[in-house]
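What follows is a single structure, written as structure tokens, with notes after it.
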Amino acid sequence: MRLAEAWRVALDALRANRLRSLLTMLGVIIGVAAVVALVGIGTGTKEQIERQVEGLGSNLLIVVPGRLEAGAAPTSSPLTLDDVDAVTRVVGDRSRVAVTISSGETVRAGKNSGFASMQGVLETTPGVFVRRLDRGAYLTRTDVSTGRRVAVLGAGLARNLFGERDPIGRQITIGGVRFRVIGTFEPLGQSLGVDRDGEVHVPVTAAQRLLGTERIDGLAIRAPDRDRIDELSAAVTRTLAERHPDTDFSAVTQEQILGVLGDILGVLTGVLAAIAGISLLVGGVGVSNIMLVSVRERTREIGLRKAVGARPRDIGVQFLLEAVLLTTTGGVLGMLLGGSAALLVDRLSPVPAALTWWSMALAFGVSAVVGIVFGVVPAQRAGRLDPVVALRTE
């Protein structure tokens with residue numbers, strides 16, 4: 001039997017039982033749609049996090065006290081501004097060094113209030129990290145050296161406290177201490193699970209005075225180029241270890257952060273795809289079951305074809321093509337359904353989703369393989385039928 005004729009016969013057989021064919025394909029459709037949608041959501045989440053990490057700045061080196069290992073105990077920071085001066089001498093440029101001391105504080109302006117993440121920083125922060133102002137000005141070196149009580153508000157916090165009014169020059173209180181607003185940031189949204197629009201930046205010296213401490217939580221360095229990051233990392237950690245021999249220090253680059261997050265999200269995406277693939281396996285079992293029923297129903301047809309010269313291989317190929325046609329058609333419909341679902345999730349919810357060619361190709365390929373694997377047994381059974389016995393079947 002020619003292959004083209006076999007395809008035509010397979011299409012006719014499926015059209016003859018439209019409802020049964022549709023119900024058989026339903027398991028494959030749901031399985032493929034689930035795989036495409038979940039892989040799309042996992043891929044979109046991974047890409048969003050990568051953009052957020054890369055959006056922090058370029059050639060960044062983050063230095064914190066303690067070991068960045070699973071199960072490592074948290075370490076209280078022994079770092080002070082004197083350590084920042086020592087690191088600045090290693091780096092050779094103060095504008096490339098940023099520090100932070102963080103605290104959650106209630107910020108008030110008149111009758112309005114909100115909970116914000118207070119960040120005590122140097123004037124170098126916008127040069128190290130990518131952070132643009134919407135209006136006003138940022139902190140100056142004089143503000144830091146004198147501990148001046150001035151603040152720069154995140155877009156969301158400024159809107160909550162002042163509405164549509166211009167906040168520049170107005171007074172706010174942070175932890176009961178009065179500060180003057182000198183600038184606001186452009187909206188940035190969520191970054192690595194943190195609401196960047198709910199931050200308020202103040203001079204690190206003013207933050208230390210407010211919190212009654214001399215410590216800083218960590219520091220960040222922007223390397224002149226990518227090739228010098230490892231060299232800087234070793235030099236900075238060595239300098240800090242010499243100043244604080246009882247404390248371990250860890251330095252991590254953007255590439256390392258992206259690598260760890262990428263591995264975690266890759267595993268999660270694979271797990272989601274595997275869970276969704278279970279429904280595809282169930283759909284394959286349904287295809288195999290229906291094809292076995294079809295073999296039993298068409299026993300006399302098989303006997304007649306063998307009687308007029310059809311070989312067992314021709315009969316086997318015929319039923320195998322029907323199974324593959326069922327699953328590939330279901331695969332195409334599932335791809336369309338899953339792709340549409342992923343796009344709707346991306347448009348209508350905060351969960352990101354991204355469709356990739358490889359996920360669509362994988363889903364289609366798996367659906368074809370399911371048809372072959374689960375169609376082999378019914379095809380073999382049909383090919384082995386004795387034509388005489390098959391013709392006598394009522």
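Residue numbers start at 1 in each chain; chains themselves are named A, B, ... in the order of the structure tokens; ligands are numbered from 1 in the order shown.
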Skipping near chain neighbours, those fewer than 2 positions away, what residues fall within 6 Å of Gly334 (chain A) using only C-alpha atoms, listed as a PyMOL selection string? chain A and resi 29+32-33+330-332+336-338
Selection export as a CSV table (one decimal), in the first residue's frame, atoms kept: C-alpha atoms:
```
chain,number,residue,atom,x,y,z
A,29,ILE,CA,-4.5,18.2,23.7
A,32,VAL,CA,0.5,19.3,25.3
A,33,ALA,CA,-1.3,22.5,26.3
A,330,GLY,CA,-4.0,16.7,19.2
A,331,GLY,CA,-0.5,18.0,19.6
A,332,VAL,CA,-1.1,20.9,17.1
A,336,LEU,CA,-2.4,26.5,20.0
A,337,LEU,CA,-4.4,26.1,23.3
A,338,GLY,CA,-1.3,26.2,25.5
```
Please provide as a list in words all residues within 8 Å of region 127-133 of chain A, with the sequence filter that same-chain residues fewer than 2 positions apart are discarded (counting only C-alpha atoms).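 Near neighbours after the sequence-gap exclusion: Gly55, Leu56, Gly57, Ser58, Leu60, Ser95, Arg96, Val97, Ala98, Thr124, Thr125, Arg135, Gly136, Ala137, Tyr138, Gly183, Thr184, Phe185, Glu186, Ala220, Ile221 and Arg222 of chain A.
All residues of protein, DNA or RNA that reach within 10 Å of Glu47 (chain A), judged by only C-alpha atoms and not counting those fewer than 3 positions away in the chain, are Ile41, Gly42, Thr43, Gly44, Glu50, Arg51, Gln52, Val53, Gly262, Leu265, Pro352, Ala353 and Ala354 of chain A.
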In terms of the shortest atom-to-atom distance over only C-alpha atoms, which of A:Thr146, A:Asn160, A:Gln190, A:Thr239 is closest to Ile49 (chain A)? A:Gln190
Smallest atom-to-atom distance to Ile275 (chain A): which of A:Leu19, A:Arg89, A:Leu38, A:Pro245, using only C-alpha atoms?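 Nearest to Ile275 (chain A): A:Leu38.
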Could you go through region 13-248 of chain A and tell me which residues DSSP, when run on the backbone, assigns to helix (DSSP H, G or I), listing them as a VMD selection string? chain A and resid 13 to 16 18 to 54 81 to 91 94 to 96 125 to 128 141 to 146 155 to 162 196 to 198 204 to 211 226 to 243
Write a file of the selected residues as a compact mmCIF listing (two decimals), in the first residue's frame, keeping C-alpha atoms.
```
# COMPACT_ATOMS: atom_id res chain seq x y z
CA ALA A 13 -11.30 6.09 9.44
CA LEU A 14 -10.97 9.01 11.87
CA ARG A 15 -13.69 11.03 10.13
CA ALA A 16 -16.03 8.05 10.34
CA ARG A 18 -15.49 12.02 14.71
CA LEU A 19 -16.71 12.14 18.30
CA ARG A 20 -14.60 9.20 19.41
CA SER A 21 -11.54 10.64 17.65
CA LEU A 22 -12.06 14.01 19.35
CA LEU A 23 -12.46 12.45 22.78
CA THR A 24 -9.36 10.34 22.17
CA MET A 25 -7.36 13.42 21.21
CA LEU A 26 -8.59 15.33 24.27
CA GLY A 27 -6.02 13.75 26.58
CA VAL A 28 -3.19 14.62 24.18
CA ILE A 29 -4.55 18.17 23.70
CA ILE A 30 -4.66 18.79 27.45
CA GLY A 31 -1.21 17.26 27.99
CA VAL A 32 0.49 19.28 25.25
CA ALA A 33 -1.31 22.48 26.27
CA ALA A 34 -0.20 22.01 29.88
CA VAL A 35 3.41 21.42 28.84
CA VAL A 36 3.51 24.47 26.55
CA ALA A 37 1.79 26.77 29.07
CA LEU A 38 3.86 25.72 32.09
CA VAL A 39 7.15 25.80 30.22
CA GLY A 40 6.16 29.24 28.90
CA ILE A 41 5.47 30.50 32.42
CA GLY A 42 8.74 29.03 33.73
CA THR A 43 10.72 30.53 30.83
CA GLY A 44 9.04 33.92 31.24
CA THR A 45 9.80 33.98 34.97
CA LYS A 46 13.43 33.09 34.30
CA GLU A 47 13.82 35.80 31.67
CA GLN A 48 12.18 38.41 33.92
CA ILE A 49 14.53 37.63 36.81
CA GLU A 50 17.54 37.75 34.47
CA ARG A 51 16.44 41.17 33.22
CA GLN A 52 16.02 42.39 36.80
CA VAL A 53 19.50 41.22 37.82
CA GLU A 54 21.08 42.70 34.70
CA LEU A 81 32.56 53.29 56.92
CA ASP A 82 36.26 52.89 57.75
CA ASP A 83 36.15 49.59 55.86
CA VAL A 84 34.56 51.41 52.93
CA ASP A 85 37.50 53.79 52.88
CA ALA A 86 39.89 50.82 52.81
CA VAL A 87 37.97 49.19 49.97
CA THR A 88 37.91 52.51 48.09
CA ARG A 89 41.72 52.59 48.23
CA VAL A 90 41.78 49.09 46.69
CA VAL A 91 39.30 50.03 43.96
CA ARG A 94 35.11 56.21 45.30
CA SER A 95 32.43 56.63 42.64
CA ARG A 96 32.58 52.87 41.98
CA THR A 125 24.52 54.74 44.42
CA PRO A 126 23.10 55.98 41.07
CA GLY A 127 26.54 55.51 39.49
CA VAL A 128 26.96 51.95 40.72
CA ARG A 141 28.91 63.88 49.26
CA THR A 142 28.33 66.81 51.63
CA ASP A 143 24.97 65.28 52.63
CA VAL A 144 26.77 62.04 53.53
CA SER A 145 29.72 63.61 55.33
CA THR A 146 27.51 65.86 57.47
CA ALA A 155 7.79 56.56 43.05
CA GLY A 156 5.19 54.47 44.89
CA LEU A 157 6.04 55.88 48.30
CA ALA A 158 5.94 59.47 46.99
CA ARG A 159 2.51 58.82 45.46
CA ASN A 160 1.17 57.30 48.71
CA LEU A 161 2.41 60.18 50.84
CA PHE A 162 1.76 63.16 48.58
CA ARG A 196 11.84 49.18 44.60
CA ASP A 197 9.19 51.91 44.41
CA GLY A 198 8.63 51.59 48.17
CA VAL A 204 24.21 56.39 55.35
CA THR A 205 25.47 58.55 58.20
CA ALA A 206 21.95 59.81 58.92
CA ALA A 207 20.62 56.24 58.81
CA GLN A 208 23.31 55.09 61.25
CA ARG A 209 22.43 57.89 63.64
CA LEU A 210 18.71 57.04 63.35
CA LEU A 211 19.34 53.35 64.04
CA ARG A 226 34.27 42.39 33.14
CA ASP A 227 37.84 41.07 33.02
CA ARG A 228 38.78 42.77 36.32
CA ILE A 229 35.90 41.46 38.43
CA ASP A 230 37.72 38.35 39.70
CA GLU A 231 40.83 40.38 40.49
CA LEU A 232 38.81 42.97 42.41
CA SER A 233 36.86 40.26 44.23
CA ALA A 234 40.03 38.64 45.54
CA ALA A 235 41.62 41.96 46.52
CA VAL A 236 38.53 43.30 48.33
CA THR A 237 37.80 40.11 50.29
CA ARG A 238 41.50 39.84 51.24
CA THR A 239 41.49 43.44 52.53
CA LEU A 240 38.33 42.92 54.57
CA ALA A 241 39.60 39.59 55.94
CA GLU A 242 42.76 41.33 57.14
CA ARG A 243 40.69 43.97 58.90
```
Write out as a VMD selection string all residues of region 115-251 of chain A that DSSP puts in strand (DSSP E or B) for this structure's backbone. chain A and resid 115 to 121 133 to 136 150 to 153 171 to 174 177 to 185 190 to 191 194 to 195 199 to 203 218 to 222 249 to 251
